[in-house]
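Trainee: You'll find input.cif just under this line, and it carries mmCIF, C-alpha atoms.
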```cif
data_entry
loop_
_atom_site.group_PDB
_atom_site.id
_atom_site.type_symbol
_atom_site.label_atom_id
_atom_site.label_comp_id
_atom_site.auth_asym_id
_atom_site.auth_seq_id
_atom_site.Cartn_x
_atom_site.Cartn_y
_atom_site.Cartn_z
ATOM 1 C CA MET A 3 -100.155 42.394 -1.319
ATOM 2 C CA LEU A 4 -98.024 39.935 0.653
ATOM 3 C CA ASN A 5 -99.014 36.268 0.409
ATOM 4 C CA ILE A 6 -97.999 34.917 3.806
ATOM 5 C CA THR A 7 -98.358 31.143 4.101
ATOM 6 C CA LYS A 8 -99.187 29.849 7.552
ATOM 7 C CA PRO A 9 -97.053 27.008 8.933
ATOM 8 C CA ARG A 10 -98.944 23.714 8.545
ATOM 9 C CA ILE A 11 -98.828 21.345 11.517
ATOM 10 C CA LEU A 12 -99.757 17.681 11.206
ATOM 11 C CA ILE A 13 -101.038 15.960 14.348
ATOM 12 C CA THR A 14 -100.793 12.177 14.504
ATOM 13 C CA GLY A 15 -102.718 10.392 17.230
ATOM 14 C CA ALA A 16 -105.398 13.033 16.644
ATOM 15 C CA THR A 17 -108.210 10.809 17.917
ATOM 16 C CA GLY A 18 -106.346 10.016 21.151
ATOM 17 C CA GLN A 19 -106.111 11.883 24.438
ATOM 18 C CA VAL A 20 -102.900 13.818 23.904
ATOM 19 C CA GLY A 21 -103.285 14.423 20.172
ATOM 20 C CA GLY A 22 -106.898 15.534 20.534
ATOM 21 C CA ARG A 23 -106.165 17.934 23.369
ATOM 22 C CA THR A 24 -103.134 19.307 21.502
ATOM 23 C CA ILE A 25 -105.415 20.201 18.607
ATOM 24 C CA GLU A 26 -107.793 21.970 20.988
ATOM 25 C CA PHE A 27 -104.957 24.109 22.353
ATOM 26 C CA LEU A 28 -103.693 24.904 18.849
ATOM 27 C CA LEU A 29 -107.119 26.000 17.589
ATOM 28 C CA ALA A 30 -106.748 29.279 19.459
ATOM 29 C CA ASN A 31 -103.617 30.099 17.437
ATOM 30 C CA LYS A 32 -104.676 31.709 14.153
ATOM 31 C CA SER A 33 -101.106 32.023 12.882
ATOM 32 C CA ILE A 34 -100.849 28.309 12.068
ATOM 33 C CA GLU A 35 -102.893 25.717 10.168
ATOM 34 C CA ILE A 36 -103.790 22.392 11.802
ATOM 35 C CA ILE A 37 -104.164 19.109 9.959
ATOM 36 C CA ALA A 38 -105.371 15.984 11.775
ATOM 37 C CA ALA A 39 -103.968 12.646 10.613
ATOM 38 C CA VAL A 40 -106.577 9.862 10.590
ATOM 39 C CA ARG A 41 -106.503 6.296 9.344
ATOM 40 C CA THR A 42 -109.961 6.217 7.747
ATOM 41 C CA ALA A 43 -112.429 8.597 6.131
ATOM 42 C CA GLU A 44 -114.909 7.749 8.889
ATOM 43 C CA LYS A 45 -112.533 9.068 11.547
ATOM 44 C CA ALA A 46 -112.139 12.311 9.590
ATOM 45 C CA ILE A 47 -115.805 13.231 9.986
ATOM 46 C CA ILE A 48 -115.558 14.531 13.561
ATOM 47 C CA PHE A 49 -112.700 16.866 12.599
ATOM 48 C CA ASN A 50 -114.286 18.035 9.363
ATOM 49 C CA LYS A 51 -117.422 19.041 11.287
ATOM 50 C CA LYS A 52 -115.208 21.357 13.364
ATOM 51 C CA GLY A 53 -113.579 22.827 10.263
ATOM 52 C CA ILE A 54 -110.286 20.988 10.878
ATOM 53 C CA ALA A 55 -108.534 19.661 7.787
ATOM 54 C CA THR A 56 -107.606 15.988 7.689
ATOM 55 C CA VAL A 57 -105.328 13.636 5.761
ATOM 56 C CA ILE A 58 -105.258 9.848 5.619
ATOM 57 C CA LEU A 59 -102.137 8.506 7.316
ATOM 58 C CA ASP A 60 -101.534 4.902 8.348
ATOM 59 C CA PHE A 61 -98.232 4.247 10.117
ATOM 60 C CA ASP A 62 -98.247 0.718 8.657
ATOM 61 C CA ASP A 63 -98.983 1.819 5.083
ATOM 62 C CA GLU A 64 -96.000 3.752 3.791
ATOM 63 C CA SER A 65 -97.866 4.667 0.608
ATOM 64 C CA THR A 66 -99.959 7.083 2.715
ATOM 65 C CA HIS A 67 -96.979 8.936 4.191
ATOM 66 C CA ILE A 68 -95.755 11.188 1.395
ATOM 67 C CA PRO A 69 -99.265 12.273 0.297
ATOM 68 C CA ALA A 70 -100.128 13.095 3.924
ATOM 69 C CA PHE A 71 -96.923 15.114 4.283
ATOM 70 C CA LYS A 72 -97.570 17.361 1.280
ATOM 71 C CA ASN A 73 -96.916 20.994 2.298
ATOM 72 C CA ILE A 74 -96.523 20.020 5.972
ATOM 73 C CA ASP A 75 -93.952 22.041 7.942
ATOM 74 C CA ARG A 76 -94.148 20.447 11.396
ATOM 75 C CA ILE A 77 -95.349 17.143 12.781
ATOM 76 C CA PHE A 78 -96.408 15.769 16.156
ATOM 77 C CA ILE A 79 -95.564 12.067 16.376
ATOM 78 C CA VAL A 80 -97.662 9.952 18.742
ATOM 79 C CA THR A 81 -97.150 6.214 18.316
ATOM 80 C CA GLY A 82 -99.137 3.243 19.589
ATOM 81 C CA TYR A 83 -98.237 0.928 22.446
ATOM 82 C CA THR A 84 -96.536 -1.846 20.503
ATOM 83 C CA VAL A 85 -92.973 -2.758 19.604
ATOM 84 C CA ASP A 86 -93.959 -1.835 16.034
ATOM 85 C CA MET A 87 -93.494 1.797 17.091
ATOM 86 C CA LEU A 88 -89.779 1.420 16.257
ATOM 87 C CA ARG A 89 -90.352 0.306 12.668
ATOM 88 C CA GLN A 90 -93.275 2.686 12.196
ATOM 89 C CA SER A 91 -91.370 5.699 13.513
ATOM 90 C CA LYS A 92 -88.337 5.039 11.321
ATOM 91 C CA ALA A 93 -90.440 4.749 8.168
ATOM 92 C CA LEU A 94 -92.443 7.826 9.113
ATOM 93 C CA LEU A 95 -89.310 9.878 9.765
ATOM 94 C CA ASP A 96 -87.590 8.701 6.581
ATOM 95 C CA ASN A 97 -90.584 9.865 4.577
ATOM 96 C CA ALA A 98 -90.881 13.089 6.579
ATOM 97 C CA LYS A 99 -87.294 13.858 5.621
ATOM 98 C CA LYS A 100 -88.086 13.229 1.944
ATOM 99 C CA ALA A 101 -91.065 15.575 2.285
ATOM 100 C CA LYS A 102 -88.789 18.244 3.822
ATOM 101 C CA ILE A 103 -90.710 18.530 7.070
ATOM 102 C CA GLN A 104 -88.790 20.922 9.303
ATOM 103 C CA HIS A 105 -89.744 20.396 12.952
ATOM 104 C CA VAL A 106 -90.631 17.164 14.764
ATOM 105 C CA VAL A 107 -92.205 17.006 18.216
ATOM 106 C CA HIS A 108 -92.173 13.449 19.569
ATOM 107 C CA LEU A 109 -94.267 12.140 22.446
ATOM 108 C CA GLY A 110 -91.999 9.738 24.273
ATOM 109 C CA ALA A 111 -91.985 8.239 27.743
ATOM 110 C CA CYS A 112 -90.520 8.682 31.205
ATOM 111 C CA GLY A 113 -86.946 8.397 32.230
ATOM 112 C CA PRO A 114 -83.464 9.874 32.066
ATOM 113 C CA ASP A 115 -81.144 9.212 29.136
ATOM 114 C CA ASP A 116 -79.592 6.193 30.855
ATOM 115 C CA THR A 117 -82.894 4.389 31.481
ATOM 116 C CA SER A 118 -82.897 0.603 31.198
ATOM 117 C CA ILE A 119 -86.705 0.296 31.135
ATOM 118 C CA GLY A 120 -87.468 -1.352 27.806
ATOM 119 C CA HIS A 121 -90.318 0.712 26.330
ATOM 120 C CA TRP A 122 -88.870 3.961 27.693
ATOM 121 C CA ALA A 123 -85.602 3.166 25.919
ATOM 122 C CA TRP A 124 -87.440 2.408 22.662
ATOM 123 C CA HIS A 125 -88.793 5.946 22.673
ATOM 124 C CA GLN A 126 -85.262 7.243 23.207
ATOM 125 C CA PHE A 127 -84.063 5.301 20.148
ATOM 126 C CA VAL A 128 -86.734 7.188 18.188
ATOM 127 C CA GLU A 129 -85.506 10.465 19.676
ATOM 128 C CA ARG A 130 -81.954 9.721 18.584
ATOM 129 C CA TYR A 131 -83.135 8.847 15.062
ATOM 130 C CA ILE A 132 -85.019 12.152 14.859
ATOM 131 C CA GLU A 133 -81.796 13.941 15.727
ATOM 132 C CA TRP A 134 -79.721 11.814 13.325
ATOM 133 C CA CYS A 135 -82.103 12.706 10.483
ATOM 134 C CA GLY A 136 -81.304 16.382 11.059
ATOM 135 C CA PHE A 137 -84.759 17.684 11.969
ATOM 136 C CA SER A 138 -85.377 20.605 14.245
ATOM 137 C CA PHE A 139 -86.901 18.771 17.223
ATOM 138 C CA THR A 140 -88.475 18.797 20.658
ATOM 139 C CA HIS A 141 -88.701 15.620 22.743
ATOM 140 C CA LEU A 142 -91.497 15.266 25.292
ATOM 141 C CA ARG A 143 -91.132 12.717 28.091
ATOM 142 C CA PRO A 144 -94.303 12.663 30.202
ATOM 143 C CA GLN A 145 -94.447 10.813 33.490
ATOM 144 C CA ASP A 146 -97.546 8.801 34.463
ATOM 145 C CA PHE A 147 -100.828 10.294 33.299
ATOM 146 C CA MET A 148 -103.265 11.339 36.020
ATOM 147 C CA GLN A 149 -106.095 10.400 33.619
ATOM 148 C CA ASN A 150 -105.152 6.722 34.046
ATOM 149 C CA LEU A 151 -107.076 6.829 37.317
ATOM 150 C CA LEU A 152 -110.217 7.859 35.450
ATOM 151 C CA SER A 153 -109.999 5.155 32.793
ATOM 152 C CA TYR A 154 -107.392 2.711 31.538
ATOM 153 C CA GLY A 155 -107.619 0.580 28.421
ATOM 154 C CA GLY A 156 -111.096 1.933 27.708
ATOM 155 C CA LYS A 157 -112.455 0.812 31.089
ATOM 156 C CA LYS A 158 -113.221 2.675 34.300
ATOM 157 C CA ALA A 159 -110.100 2.466 36.454
ATOM 158 C CA ILE A 160 -111.658 2.844 39.907
ATOM 159 C CA LYS A 161 -114.599 0.638 40.828
ATOM 160 C CA GLU A 162 -116.728 1.435 43.875
ATOM 161 C CA GLY A 163 -113.901 3.454 45.372
ATOM 162 C CA ILE A 164 -111.291 0.695 45.051
ATOM 163 C CA ILE A 165 -108.001 1.627 43.385
ATOM 164 C CA ASN A 166 -105.983 -1.349 42.176
ATOM 165 C CA HIS A 167 -102.441 -1.044 40.929
ATOM 166 C CA TYR A 168 -99.216 -2.999 40.682
ATOM 167 C CA VAL A 169 -96.541 -0.807 42.265
ATOM 168 C CA SER A 170 -97.005 -1.558 45.980
ATOM 169 C CA ASP A 171 -96.362 1.667 47.948
ATOM 170 C CA ALA A 172 -94.037 3.273 45.387
ATOM 171 C CA THR A 173 -94.263 7.021 44.846
ATOM 172 C CA LEU A 174 -94.704 7.962 41.192
ATOM 173 C CA SER A 175 -94.384 11.275 39.381
ATOM 174 C CA TRP A 176 -97.629 12.359 37.682
ATOM 175 C CA VAL A 177 -98.769 14.736 34.952
ATOM 176 C CA ASP A 178 -102.157 15.871 33.665
ATOM 177 C CA VAL A 179 -102.695 15.076 29.969
ATOM 178 C CA ASP A 180 -103.843 18.688 29.545
ATOM 179 C CA ASN A 181 -100.407 19.869 30.682
ATOM 180 C CA VAL A 182 -98.696 17.552 28.178
ATOM 181 C CA ALA A 183 -100.951 18.741 25.363
ATOM 182 C CA GLU A 184 -100.388 22.393 26.185
ATOM 183 C CA VAL A 185 -96.616 21.926 26.114
ATOM 184 C CA ALA A 186 -96.936 20.006 22.828
ATOM 185 C CA SER A 187 -99.005 22.785 21.285
ATOM 186 C CA LEU A 188 -96.465 25.457 22.221
ATOM 187 C CA THR A 189 -93.472 23.475 20.981
ATOM 188 C CA LEU A 190 -95.274 22.957 17.670
ATOM 189 C CA ALA A 191 -96.364 26.584 17.347
ATOM 190 C CA HIS A 192 -92.973 28.059 18.355
ATOM 191 C CA PRO A 193 -90.193 25.691 17.286
ATOM 192 C CA GLU A 194 -87.652 28.519 17.396
ATOM 193 C CA LEU A 195 -88.100 28.632 21.193
ATOM 194 C CA HIS A 196 -88.032 24.882 21.799
ATOM 195 C CA ASN A 197 -85.661 23.438 19.201
ATOM 196 C CA GLY A 198 -83.170 20.962 20.669
ATOM 197 C CA LYS A 199 -85.020 20.674 23.987
ATOM 198 C CA THR A 200 -86.011 17.560 25.907
ATOM 199 C CA TYR A 201 -88.820 18.277 28.337
ATOM 200 C CA ARG A 202 -89.528 15.819 31.130
ATOM 201 C CA LEU A 203 -93.094 16.398 32.282
ATOM 202 C CA GLY A 204 -94.063 15.367 35.810
ATOM 203 C CA TYR A 205 -95.308 17.795 38.425
ATOM 204 C CA ASP A 206 -96.735 16.003 41.464
ATOM 205 C CA ALA A 207 -95.292 12.942 43.232
ATOM 206 C CA LYS A 208 -97.725 10.740 45.145
ATOM 207 C CA ASN A 209 -98.221 7.074 45.981
ATOM 208 C CA PHE A 210 -101.620 5.467 45.503
ATOM 209 C CA GLY A 211 -102.438 5.542 49.207
ATOM 210 C CA GLU A 212 -101.931 9.321 49.245
ATOM 211 C CA ILE A 213 -104.037 9.728 46.099
ATOM 212 C CA ALA A 214 -106.840 7.637 47.634
ATOM 213 C CA ALA A 215 -106.777 9.830 50.779
ATOM 214 C CA LEU A 216 -107.007 13.009 48.689
ATOM 215 C CA MET A 217 -109.935 11.591 46.702
ATOM 216 C CA THR A 218 -111.724 10.657 49.921
ATOM 217 C CA SER A 219 -111.262 14.173 51.299
ATOM 218 C CA ILE A 220 -112.249 16.060 48.126
ATOM 219 C CA VAL A 221 -114.952 13.823 46.621
ATOM 220 C CA GLY A 222 -116.539 12.977 49.970
ATOM 221 C CA LYS A 223 -116.683 9.238 49.291
ATOM 222 C CA LYS A 224 -114.347 6.531 50.605
ATOM 223 C CA PHE A 225 -111.454 5.567 48.314
ATOM 224 C CA THR A 226 -109.078 2.735 49.167
ATOM 225 C CA TYR A 227 -105.901 1.551 47.495
ATOM 226 C CA VAL A 228 -105.578 -2.233 47.205
ATOM 227 C CA PRO A 229 -102.227 -3.207 45.634
ATOM 228 C CA GLN A 230 -102.054 -6.175 43.291
ATOM 229 C CA SER A 231 -99.204 -8.293 42.005
ATOM 230 C CA PRO A 232 -97.775 -7.252 38.622
ATOM 231 C CA ASP A 233 -98.541 -10.829 37.582
ATOM 232 C CA VAL A 234 -102.226 -9.874 37.590
ATOM 233 C CA PHE A 235 -101.489 -7.141 35.041
ATOM 234 C CA LEU A 236 -99.601 -9.520 32.747
ATOM 235 C CA GLU A 237 -102.374 -12.114 32.881
ATOM 236 C CA GLN A 238 -104.966 -9.450 32.028
ATOM 237 C CA MET A 239 -102.922 -8.235 29.067
ATOM 238 C CA ILE A 240 -102.475 -11.775 27.737
ATOM 239 C CA ASN A 241 -106.214 -12.458 28.075
ATOM 240 C CA ALA A 242 -106.994 -9.170 26.324
ATOM 241 C CA GLY A 243 -104.783 -10.097 23.377
ATOM 242 C CA ALA A 244 -102.496 -7.097 23.903
ATOM 243 C CA GLU A 245 -99.147 -6.828 22.113
ATOM 244 C CA ILE A 246 -97.094 -8.929 24.483
ATOM 245 C CA ALA A 247 -93.594 -7.584 23.677
ATOM 246 C CA TYR A 248 -94.613 -4.094 24.762
ATOM 247 C CA MET A 249 -96.756 -5.230 27.675
ATOM 248 C CA SER A 250 -93.956 -7.454 28.977
ATOM 249 C CA CYS A 251 -91.847 -4.312 29.274
ATOM 250 C CA VAL A 252 -94.671 -2.597 31.137
ATOM 251 C CA TYR A 253 -94.985 -5.652 33.405
ATOM 252 C CA ASP A 254 -91.246 -5.536 34.077
ATOM 253 C CA HIS A 255 -91.330 -1.860 35.003
ATOM 254 C CA TRP A 256 -94.299 -2.380 37.363
ATOM 255 C CA LYS A 257 -92.186 -4.998 39.151
ATOM 256 C CA LYS A 258 -89.281 -2.577 39.409
ATOM 257 C CA TYR A 259 -91.543 0.187 40.730
ATOM 258 C CA ALA A 260 -92.936 -2.192 43.363
ATOM 259 C CA ALA A 261 -89.412 -3.136 44.422
ATOM 260 C CA ASN A 262 -88.386 0.549 44.528
ATOM 261 C CA THR A 263 -85.509 -0.100 42.120
ATOM 262 C CA ILE A 264 -86.256 2.673 39.605
ATOM 263 C CA ASP A 265 -84.076 5.616 40.566
ATOM 264 C CA GLY A 266 -85.859 8.949 40.242
ATOM 265 C CA ALA A 267 -89.323 7.416 39.855
ATOM 266 C CA ASP A 268 -90.715 10.252 41.979
ATOM 267 C CA ASN A 269 -88.760 13.082 40.321
ATOM 268 C CA THR A 270 -90.735 16.221 39.496
ATOM 269 C CA PHE A 271 -89.686 19.087 37.247
ATOM 270 C CA ASP A 272 -89.993 22.868 37.264
ATOM 271 C CA ASN A 273 -90.203 23.582 33.531
ATOM 272 C CA PHE A 274 -93.963 24.006 33.059
ATOM 273 C CA TYR A 275 -94.139 27.642 34.135
ATOM 274 C CA GLU A 276 -91.141 28.513 31.984
ATOM 275 C CA ILE A 277 -92.806 26.931 28.928
ATOM 276 C CA THR A 278 -96.405 28.045 29.456
ATOM 277 C CA GLY A 279 -96.428 30.896 31.969
ATOM 278 C CA LYS A 280 -98.815 28.820 34.105
ATOM 279 C CA GLN A 281 -98.620 26.514 37.099
ATOM 280 C CA PRO A 282 -99.011 22.780 36.400
ATOM 281 C CA THR A 283 -101.887 20.654 37.633
ATOM 282 C CA THR A 284 -101.468 19.042 41.040
ATOM 283 C CA TRP A 285 -103.422 16.047 42.276
ATOM 284 C CA ILE A 286 -105.639 18.331 44.370
ATOM 285 C CA HIS A 287 -106.538 20.390 41.290
ATOM 286 C CA PHE A 288 -107.031 17.277 39.164
ATOM 287 C CA ILE A 289 -109.390 15.606 41.630
ATOM 288 C CA GLU A 290 -111.398 18.810 42.038
ATOM 289 C CA LYS A 291 -111.639 19.160 38.240
ATOM 290 C CA HIS A 292 -112.828 15.561 37.792
ATOM 291 C CA LYS A 293 -114.884 15.202 40.963
ATOM 292 C CA GLU A 294 -118.077 14.258 39.090
ATOM 293 C CA GLN A 295 -116.295 11.488 37.169
ATOM 294 C CA LEU A 296 -114.955 10.041 40.417
ATOM 295 C CA LEU A 297 -118.322 9.827 42.155
ATOM 296 C CA TYR A 298 -119.799 6.377 42.638
#
```
Show this structure as structure tokens.
Mentor:
Amino acid sequence: MLNITKPRILITGATGQVGGRTIEFLLANKSIEIIAAVRTAEKAIIFNKKGIATVILDFDDESTHIPAFKNIDRIFIVTGYTVDMLRQSKALLDNAKKAKIQHVVHLGACGPDDTSIGHWAWHQFVERYIEWCGFSFTHLRPQDFMQNLLSYGGKKAIKEGIINHYVSDATLSWVDVDNVAEVASLTLAHPELHNGKTYRLGYDAKNFGEIAALMTSIVGKKFTYVPQSPDVFLEQMINAGAEIAYMSCVYDHWKKYAANTIDGADNTFDNFYEITGKQPTTWIHFIEKHKEQLLY
């Protein structure tokens, strides 16, 4: 009798939005085995209750890397929002190479290859290192998440119908986290189809005034966009004790958005149907799907 071993896929960022939803999409695929990477035994409980295997993996503790990578074939890398992502990713990839992991899917950020936006470029340095290490790879570059208008930084993003943001009247390209996770799940499950690909993921371009008007029409309550200075964002991040090197880059790119100096900020892409066989989420669909969460 043939003993066929299923490919084992390790998901980092498993407790976050994209990692968690990627696991949910992968659960339907019985030809692979999913392992969720968690930092503590306590965080493993929720996955173990669902019958999902876990391993302890701390990006900052290299002693956890090789044990976590035992018998892993593919990995989804989702880093945190700090400059430490560069050091963490290099160490993680060096150890993944030692463990003979074959395929790496990396969740990066917006932008073309010639971007000068700091934190977008950091992700591209990680992409280049993945390639230099010789892995089979797929790079994911999502645009702005639609979910950021539901909550941001663990807090409700829209209060009493008021949308505040820092980009003036700039039009941004948007993507539903579910769309990102579905693409991630397919690139992990079928690396032979997606090896060597960079997928930019953004499918609906709107400014905040247009989004507010759509919410008003669909939810049936008044939504209003009130732009704020990017300086407000930076002050909030400093007061919150956020990692200032990363957040200074975010502050800088909000300023550039507001000044309309980011070329292609509103670019959308037509790859979702080719990858998934489905149409991507538009703002109309997203607002309809989350209507109850938007009520006030």
Trainee: Can you give me, as a list of chain:residue names, the residues this file yields under the PyMOL selection byres ((chain A and resi 17) around 9)?
Mentor: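 So the PyMOL selection byres ((chain A and resi 17) around 9) ends up selecting A:Thr14, A:Gly15, A:Ala16, A:Gly18, A:Gln19, A:Val20, A:Gly21, A:Gly22, A:Ala38, A:Ala39, A:Val40, A:Lys45.
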Trainee: Could you tell me which of A:Thr7, A:Thr42, A:Ser153, A:Asn50 comes closest to Asn73 in chain A if we count all atoms listed in the file?
Mentor: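 Among the listed residues, A:Thr7 lies closest to Asn73 in chain A.
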Trainee: Report, as AutoDock Vina command-line options, the centre and edge lengths in Å (one decimal) of the axis-aligned box enclosing every listed atom of range 255-274 of chain A, padded by 4 Å on each side.
Mentor:
```
--center_x -89.2 --center_y 9.5 --center_z 38.8 --size_x 18.2 --size_y 37.0 --size_z 19.5
```
Trainee: Which of these, A:Asp146, A:Asp60, A:Asp116, A:Asp96, has the shortest distance to Gly82 in chain A once you count all atoms listed in the file?
Mentor: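 Ranking A:Asp146, A:Asp60, A:Asp116, A:Asp96 by distance to Gly82 in chain A, first place goes to A:Asp60.
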Trainee: What is the distance, in Å and to one decimal place, between CA of Leu188 in chain A and CA of Leu29 in chain A?
Mentor: 11.6 Å
Trainee: At a cut-off of 12 Å from (-94.4, 16.5, 38.2) in the coordinates of the file, what residues are picked up using all atoms listed in the file, written as a PyMOL selection string?
Mentor: chain A and resi 112+143-148+173-179+181-182+201-208+266-275+281-285
Trainee: Residues within 9 Å of range 51-55 of chain A, please, as a list of chain:residue names. Count all atoms listed in the file; anything in the same chain fewer than 2 positions from it doesn't count.
Mentor: A:Leu29, A:Glu35, A:Ile36, A:Ile37, A:Ala38, A:Ala39, A:Ala46, A:Ile47, A:Ile48, A:Phe49, A:Val57
Trainee: May I ask which of the residues A:Glu44, A:Ile103, A:Ile286, A:Val234 is the closest one to Ala215 in chain A, counting all atoms listed in the file?
Mentor: A:Ile286
Trainee: Report as a VMD selection string the residues that result from applying the PyMOL selection byres ((chain A and resi 125) around 12) to the structure here.
Mentor: chain A and resid 79 to 92 108 to 115 117 to 124 126 to 132 141 to 144 248
Trainee: For Lys161 in chain A, which residue among A:Leu190, A:His292, A:Leu297, A:Met239 is the nearest when counting all atoms listed in the file?
Mentor: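 Checking each candidate against Lys161 in chain A, we get A:Leu297 as the closest.
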Trainee: Do you have the CA of Ala30 in chain A-CA of Glu184 in chain A distance handy?
Mentor: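 Straight-line distance from CA of Ala30 in chain A to CA of Glu184 in chain A works out to 11.5 Å.
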Trainee: Give me, please, the distance in Å between CA of Gly198 in chain A and CA of Ala186 in chain A, quoted to one decimal.
Mentor: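 Computing it gives 14.0 Å between the two atoms.
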